[in-house]
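Text of the file entry_25.tsv, holding TSV, C-alpha atoms:
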chain	number	residue	atom	x	y	z
J	123	MET	CA	-7.66	-17.33	-15.11
J	124	LYS	CA	-11.29	-16.53	-14.37
J	125	PRO	CA	-11.59	-13.08	-12.71
J	126	PHE	CA	-12.74	-12.88	-9.11
J	127	THR	CA	-16.09	-11.13	-8.76
J	128	ARG	CA	-16.92	-11.14	-5.02
J	129	ILE	CA	-14.10	-9.38	-3.24
J	130	ILE	CA	-13.54	-8.44	0.40
J	131	SER	CA	-10.65	-6.00	0.86
J	132	LEU	CA	-9.00	-5.72	4.28
J	133	TYR	CA	-6.56	-2.93	3.39
J	134	GLY	CA	-7.43	0.62	2.37
J	135	ALA	CA	-4.94	0.73	-0.50
J	136	HIS	CA	-6.44	-2.42	-2.07
J	137	THR	CA	-9.90	-0.89	-1.78
J	138	GLU	CA	-8.83	2.42	-3.29
J	139	ASN	CA	-7.10	0.71	-6.22
J	140	LEU	CA	-10.09	-1.57	-6.88
J	141	TYR	CA	-12.36	1.48	-7.08
J	142	HIS	CA	-9.84	3.13	-9.41
J	143	LEU	CA	-10.06	0.05	-11.66
J	144	GLY	CA	-13.86	0.40	-11.80
J	145	LEU	CA	-14.69	-2.54	-9.53
J	146	GLU	CA	-17.23	-0.97	-7.17
J	147	GLU	CA	-19.84	-3.65	-7.97
J	148	GLN	CA	-17.42	-6.50	-7.30
J	149	ILE	CA	-16.40	-5.20	-3.85
J	150	ILE	CA	-18.72	-6.85	-1.30
J	151	GLY	CA	-16.85	-5.76	1.82
J	152	VAL	CA	-14.10	-3.44	3.04
J	153	SER	CA	-11.97	-2.89	6.13
J	154	ILE	CA	-13.50	-1.07	9.13
J	155	ASN	CA	-10.86	1.66	8.68
J	156	ASP	CA	-11.59	2.37	5.00
J	157	SER	CA	-12.71	5.92	4.27
J	158	PHE	CA	-11.73	6.56	0.64
J	159	PRO	CA	-13.42	6.94	-1.76
J	160	LEU	CA	-16.60	8.13	-0.01
J	161	GLN	CA	-18.63	5.28	-1.55
J	162	VAL	CA	-16.94	2.79	0.80
J	163	GLU	CA	-19.19	4.04	3.60
J	164	LYS	CA	-22.04	2.06	2.02
J	165	LYS	CA	-20.09	-1.21	1.95
J	166	PRO	CA	-20.30	-3.90	4.68
J	167	LYS	CA	-17.36	-3.52	7.07
J	168	PHE	CA	-15.00	-6.34	8.05
J	169	SER	CA	-12.14	-6.76	10.50
J	170	TYR	CA	-9.52	-9.50	10.89
J	171	HIS	CA	-10.91	-9.83	14.44
J	172	ASP	CA	-14.27	-10.95	13.03
J	173	ASP	CA	-15.47	-14.52	13.26
J	174	PRO	CA	-14.72	-16.45	10.02
J	175	GLU	CA	-18.44	-17.22	9.75
J	176	LYS	CA	-19.14	-13.54	9.07
J	177	PHE	CA	-16.85	-13.70	6.01
J	178	LEU	CA	-18.32	-17.02	4.84
J	179	ALA	CA	-21.88	-15.67	5.07
J	180	PHE	CA	-21.05	-13.12	2.34
J	181	MET	CA	-19.65	-15.84	0.05
J	182	PRO	CA	-16.55	-14.01	-1.23
J	183	ASP	CA	-14.36	-15.68	-3.82
J	184	LEU	CA	-11.36	-13.44	-3.00
J	185	VAL	CA	-10.17	-11.85	0.24
J	186	LEU	CA	-7.36	-9.31	-0.21
J	187	VAL	CA	-5.05	-8.77	2.77
J	188	ARG	CA	-1.52	-7.56	3.42
J	189	PRO	CA	1.38	-9.43	5.08
J	190	MET	CA	0.72	-7.88	8.52
J	191	ILE	CA	-2.75	-9.49	8.56
J	192	ASP	CA	-1.60	-12.67	6.86
J	193	ASN	CA	1.13	-13.22	9.49
J	194	GLY	CA	-0.85	-11.94	12.48
J	195	TYR	CA	-4.08	-13.87	11.95
J	196	PRO	CA	-3.13	-17.29	10.47
J	197	ARG	CA	-6.22	-19.00	11.92
J	198	LEU	CA	-8.60	-16.75	10.04
J	199	MET	CA	-6.58	-17.04	6.82
J	200	SER	CA	-6.45	-20.84	7.11
J	201	ARG	CA	-10.21	-21.11	7.80
J	202	LEU	CA	-11.04	-18.97	4.77
J	203	GLU	CA	-8.75	-20.97	2.50
J	204	LYS	CA	-10.14	-24.30	3.79
J	205	SER	CA	-13.59	-23.02	2.84
J	206	GLY	CA	-12.43	-22.56	-0.77
J	207	ILE	CA	-11.88	-18.80	-0.61
J	208	THR	CA	-8.74	-17.46	-2.28
J	209	VAL	CA	-6.72	-15.24	0.07
J	210	VAL	CA	-4.10	-13.01	-1.56
J	211	SER	CA	-1.58	-11.02	0.49
J	212	LEU	CA	-0.05	-7.99	-1.23
J	213	GLN	CA	1.81	-4.88	-0.08
J	214	PRO	CA	4.49	-3.26	-2.23
J	215	CYS	CA	7.47	-1.68	-0.47
J	216	GLY	CA	8.74	0.63	-3.19
J	217	ILE	CA	7.70	2.33	-6.39
J	218	ASN	CA	8.64	-0.47	-8.81
J	219	GLU	CA	6.81	-2.98	-6.66
J	220	MET	CA	3.80	-0.65	-6.72
J	221	TYR	CA	3.51	-0.94	-10.49
J	222	ASP	CA	3.73	-4.75	-10.31
J	223	TYR	CA	1.11	-4.72	-7.56
J	224	TRP	CA	-1.32	-2.69	-9.69
J	225	LEU	CA	-0.86	-5.13	-12.57
J	226	LYS	CA	-1.47	-8.11	-10.23
J	227	LEU	CA	-4.75	-6.55	-9.08
J	228	GLY	CA	-5.65	-6.19	-12.76
J	229	VAL	CA	-4.94	-9.88	-13.42
J	230	LEU	CA	-6.95	-11.03	-10.37
J	231	THR	CA	-10.00	-8.99	-11.36
J	232	GLY	CA	-9.92	-9.21	-15.15
J	233	LYS	CA	-9.00	-5.54	-15.41
J	234	ASP	CA	-5.57	-6.03	-17.01
J	235	LEU	CA	-5.97	-3.21	-19.54
J	236	GLN	CA	-7.30	-0.77	-16.94
J	237	ALA	CA	-4.36	-1.60	-14.62
J	238	GLN	CA	-1.87	-0.99	-17.44
J	239	LYS	CA	-3.56	2.33	-18.22
J	240	MET	CA	-3.47	3.27	-14.53
J	241	MET	CA	0.27	2.59	-14.47
J	242	LEU	CA	1.01	4.43	-17.74
J	243	ASP	CA	-1.08	7.47	-16.73
J	244	PHE	CA	0.76	7.69	-13.42
J	245	LYS	CA	4.18	7.33	-15.08
J	246	LYS	CA	3.26	10.03	-17.59
J	247	LYS	CA	2.37	12.44	-14.76
J	248	ILE	CA	5.61	11.60	-12.93
J	249	HIS	CA	7.67	12.22	-16.06
J	250	HIS	CA	5.92	15.56	-16.51
J	251	ILE	CA	6.76	16.67	-12.96
J	252	LYS	CA	10.37	15.53	-13.31
J	253	THR	CA	10.80	17.73	-16.38
J	254	LYS	CA	9.91	20.66	-14.09
J	255	THR	CA	12.00	19.71	-11.05
J	256	LEU	CA	15.14	18.78	-12.99
J	257	LYS	CA	15.59	22.46	-13.80
J	258	ILE	CA	15.74	23.54	-10.13
J	259	GLN	CA	19.25	24.88	-9.50
J	260	VAL	CA	19.39	24.73	-5.69
J	261	LYS	CA	17.26	21.93	-4.29
J	262	LYS	CA	15.92	21.99	-0.75
J	263	LYS	CA	17.15	19.46	1.78
J	264	VAL	CA	14.35	17.76	3.66
J	265	TYR	CA	13.97	15.51	6.67
J	266	PHE	CA	10.83	13.39	6.21
J	267	GLN	CA	9.47	12.09	9.49
J	268	ALA	CA	7.45	8.87	9.64
J	269	ILE	CA	6.75	8.49	13.38
J	270	HIS	CA	7.63	11.32	15.77
J	271	THR	CA	7.45	9.49	19.10
J	272	ARG	CA	9.91	6.84	17.91
J	273	MET	CA	12.12	9.15	15.82
J	274	LYS	CA	11.50	7.19	12.63
J	275	THR	CA	11.93	8.20	9.01
J	276	PHE	CA	11.58	6.39	5.67
J	277	THR	CA	14.22	4.39	3.81
J	278	GLN	CA	15.48	5.21	0.32
J	279	GLY	CA	13.07	3.74	-2.23
J	280	ALA	CA	10.04	4.05	0.06
J	281	MET	CA	7.03	5.73	-1.51
J	282	PRO	CA	7.22	8.92	0.61
J	283	ILE	CA	10.89	9.37	-0.40
J	284	PHE	CA	9.98	8.73	-4.04
J	285	ALA	CA	7.33	11.44	-3.68
J	286	LEU	CA	9.83	13.81	-2.06
J	287	GLU	CA	12.53	13.26	-4.68
J	288	THR	CA	10.09	13.46	-7.59
J	289	ALA	CA	8.97	16.83	-6.18
J	290	GLY	CA	12.60	18.00	-6.30
J	291	GLY	CA	13.56	17.59	-2.64
J	292	ILE	CA	16.75	16.01	-1.31
J	293	ASN	CA	16.36	13.40	1.44
J	294	VAL	CA	18.88	14.25	4.19
J	295	ALA	CA	18.30	10.86	5.86
J	296	TRP	CA	19.55	8.93	2.83
J	297	ASP	CA	21.58	6.72	5.17
J	298	ALA	CA	18.53	5.45	7.13
J	299	LYS	CA	18.59	1.66	7.62
J	300	PRO	CA	15.37	-0.38	7.30
J	301	SER	CA	13.71	-1.62	10.49
J	302	ARG	CA	12.30	-5.18	10.46
J	303	ASN	CA	12.30	-5.45	6.66
J	304	THR	CA	9.96	-2.48	6.30
J	305	ASN	CA	10.37	0.90	4.59
J	306	ILE	CA	10.43	2.60	8.01
J	307	ALA	CA	13.77	3.31	9.71
J	308	VAL	CA	14.77	4.30	13.21
J	309	TYR	CA	16.66	7.59	12.90
J	310	GLY	CA	17.67	8.65	16.39
J	311	LYS	CA	17.58	12.19	17.68
J	312	GLU	CA	21.38	12.42	17.54
J	313	GLN	CA	21.34	11.54	13.84
J	314	ILE	CA	18.61	14.12	13.14
J	315	LEU	CA	20.41	16.84	15.11
J	316	ALA	CA	23.73	16.05	13.40
J	317	LYS	CA	22.00	16.87	10.11
J	318	GLY	CA	20.14	19.81	11.72
J	319	PRO	CA	22.05	22.69	10.05
J	320	GLN	CA	21.38	21.16	6.60
J	321	ILE	CA	17.62	20.65	6.99
J	322	ASP	CA	15.80	23.36	5.00
J	323	VAL	CA	12.37	21.80	5.48
J	324	PHE	CA	11.07	19.45	8.19
J	325	LEU	CA	8.26	17.37	6.68
J	326	SER	CA	6.13	14.94	8.65
J	327	GLN	CA	3.38	12.59	7.64
J	328	LYS	CA	0.25	12.96	9.77
J	329	GLY	CA	-2.47	10.42	10.33
J	330	VAL	CA	-3.16	7.17	12.18
J	331	MET	CA	0.52	6.19	12.07
J	332	ASN	CA	1.75	9.57	13.29
J	333	ALA	CA	-0.65	11.74	15.28
J	334	VAL	CA	1.68	14.73	15.53
J	335	SER	CA	1.40	18.53	15.52
J	336	ILE	CA	3.73	21.29	14.33
J	337	LYS	CA	3.87	22.53	17.93
J	338	GLN	CA	5.02	19.10	19.14
J	339	ILE	CA	7.84	19.03	16.59
J	340	LYS	CA	8.82	22.62	17.34
J	341	ASN	CA	8.93	21.97	21.10
J	342	GLU	CA	10.82	18.67	20.90
J	343	PRO	CA	13.89	19.03	23.20
J	344	GLY	CA	17.00	19.72	21.10
J	345	PHE	CA	15.13	20.42	17.86
J	346	GLY	CA	15.86	24.14	18.20
J	347	VAL	CA	19.19	23.58	16.44
J	348	ILE	CA	17.44	22.32	13.29
J	349	LYS	CA	17.53	25.00	10.58
J	350	ALA	CA	13.94	24.26	9.45
J	351	VAL	CA	12.64	24.53	13.02
J	352	LYS	CA	14.41	27.88	13.52
J	353	ASN	CA	12.91	29.17	10.27
J	354	ASN	CA	9.40	27.80	10.90
J	355	GLN	CA	9.68	25.49	7.91
J	356	ILE	CA	7.75	22.59	9.50
J	357	TYR	CA	4.95	21.04	7.47
J	358	LEU	CA	2.51	18.16	7.96
J	359	ILE	CA	1.20	16.08	5.08
J	360	ASP	CA	-1.63	13.53	5.02
J	361	GLU	CA	-0.09	10.05	5.24
J	362	ASN	CA	-2.78	8.69	2.89
J	363	ILE	CA	-1.34	10.61	-0.07
J	364	VAL	CA	2.35	9.85	0.56
J	365	SER	CA	2.54	6.37	2.12
J	366	ARG	CA	-0.02	4.37	0.16
J	367	PRO	CA	0.59	2.53	-3.14
J	368	VAL	CA	-2.30	4.27	-4.90
J	369	PRO	CA	-2.67	6.78	-7.77
J	370	ARG	CA	-3.31	9.50	-5.15
J	371	LEU	CA	0.45	9.39	-4.51
J	372	TYR	CA	0.53	11.93	-7.34
J	373	LYS	CA	-1.42	14.33	-5.11
J	374	GLY	CA	1.21	13.78	-2.43
J	375	ILE	CA	3.96	14.73	-4.87
J	376	ILE	CA	2.08	17.91	-5.83
J	377	ALA	CA	1.49	18.74	-2.15
J	378	ILE	CA	5.19	18.32	-1.29
J	379	GLY	CA	6.23	20.27	-4.38
J	380	THR	CA	3.87	23.11	-3.48
J	381	ILE	CA	5.52	23.32	-0.04
J	382	LEU	CA	9.07	23.27	-1.42
J	383	TYR	CA	8.71	25.25	-4.66
J	384	PRO	CA	5.34	27.07	-4.76
J	385	ASP	CA	6.32	29.04	-7.88
J	386	ILE	CA	6.86	25.87	-9.89
J	387	PHE	CA	4.06	23.81	-8.39
J	388	ASN	CA	1.06	25.89	-9.28
J	389	GLN	CA	-1.51	23.11	-9.12
J	390	LEU	CA	-3.95	24.61	-11.61
J	391	LYS	CA	-1.20	25.08	-14.14
J	392	LEU	CA	-0.01	21.49	-13.69
J	393	THR	CA	-3.54	20.14	-14.04
J	394	LYS	CA	-4.13	22.11	-17.23
J	395	GLU	CA	-0.83	20.96	-18.72
J	396	LEU	CA	-1.78	17.34	-18.05
Output the structure of this file as structure tokens.
Amino acid sequence: MKPFTRIISLYGAHTENLYHLGLEEQIIGVSINDSFPLQVEKKPKFSYHDDPEKFLAFMPDLVLVRPMIDNGYPRLMSRLEKSGITVVSLQPCGINEMYDYWLKLGVLTGKDLQAQKMMLDFKKKIHHIKTKTLKIQVKKKVYFQAIHTRMKTFTQGAMPIFALETAGGINVAWDAKPSRNTNIAVYGKEQILAKGPQIDVFLSQKGVMNAVSIKQIKNEPGFGVIKAVKNNQIYLIDENIVSRPVPRLYKGIIAIGTILYPDIFNQLKLTKEL
């Protein structure tokens, strides 16, 4: 297959991975929300609300989207495809799917070897961390919040839970059931409070999906019975380094590990060892 060379990416994770694969020159447009890496600021910005003619004017040969866009804006997708543009919809749900997704990006762009290296480097780092966390005798039990206002957490196998468990934490909401075939799960207040005495650390992603503060969590009615809330063990973590299928997920693992086991997760030491 001939690699695509004029790519518009409408999802931040696609953009980040394309940059990681060394494809800055081939990216001719990015999503209006993209902010990483910093170079994306110089790229033309696109939205799925834009007129198809704006896309066509840039003559892309590949538009990368995710299912949410693919399903929500069928007219735009259809118009692009009818104009001879390849539209590919990708969004991995779990860690194994993430590796396959990286390899697919490599195939689409002619960067197969770089994608394999990206995967192997990441796996090597994960293995290294696991050799450290396996030795922890008493592991901390953690509730990992996805969306505060709706009392949502992540399902087993989701990337944030993979990050948590790789860092040596135990997910107290292991019984969370997926909502609408996503890796997000409704976990009602009663369920959280029932686990309250076990929760050593209350972790919450923070960002566009969950604009929350420590004060908000601390003052949530009923949360006073949660062990972590009583002990001021509430922490926020950037959603971009725990929820996205990108190599930066490693930074999320280090960040969680540093919260849970600062003695083990001395970042400088880990970096030197790698």
**Request:** May I have the residues within 12 Å of His136 in chain J as a VMD selection string, using all atoms listed in the file and disregarding those fewer than 5 positions away in the same chain?
**Result:** chain J and resid 129 to 131 141 to 143 145 149 151 to 153 156 158 to 159 185 to 188 210 to 214 220 223 to 224 226 to 228 230 to 231 366 to 369
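Going from CA of Leu140 in chain J over to CA of Asp173 in chain J, you cover 24.5 Å.
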**Request:** Write out as JSON, numbers by chain which residues come within 6 Å of range 285-296 of chain J when counting all atoms listed in the file, dropping same-chain ones fewer than 3 positions away.
**Result:** {"J": [255, 261, 262, 263, 264, 265, 282, 375, 379]}
Could you please take those selected residues and save C-alpha atoms as a PDB file, keeping the file's coordinate frame?
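Contents of out-v4.pdb, as written:
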ATOM      1  CA  THR J 255      12.000  19.710 -11.050  1.00  0.00           C
ATOM      2  CA  LYS J 261      17.260  21.930  -4.290  1.00  0.00           C
ATOM      3  CA  LYS J 262      15.920  21.990  -0.750  1.00  0.00           C
ATOM      4  CA  LYS J 263      17.150  19.460   1.780  1.00  0.00           C
ATOM      5  CA  VAL J 264      14.350  17.760   3.660  1.00  0.00           C
ATOM      6  CA  TYR J 265      13.970  15.510   6.670  1.00  0.00           C
ATOM      7  CA  PRO J 282       7.220   8.920   0.610  1.00  0.00           C
ATOM      8  CA  ILE J 375       3.960  14.730  -4.870  1.00  0.00           C
ATOM      9  CA  GLY J 379       6.230  20.270  -4.380  1.00  0.00           C
TER      10      GLY J 379
END
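Of the residues listed (J:Ile207, J:Cys215, J:Ile336, J:Leu198), J:Cys215 shows the shortest atom-to-atom separation from Pro300 in chain J; distances use all atoms listed in the file.
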**Request:** Give me, please, the distance in Å between CA of Phe126 in chain J and CA of Leu242 in chain J, quoted to one decimal.
**Result:** 23.7 Å
**Request:** Would you mind listing what lies within 8 Å of Ala298 in chain J as number ranges by chain, with only C-alpha atoms counted and same-chain residues fewer than 6 positions away left out?
**Result:** J: 275-278, 307-309
**Prompt:** CA of Gln148 in chain J to CA of Tyr170 in chain J: how many Å, to one decimal?
**Reply:** 20.1 Å
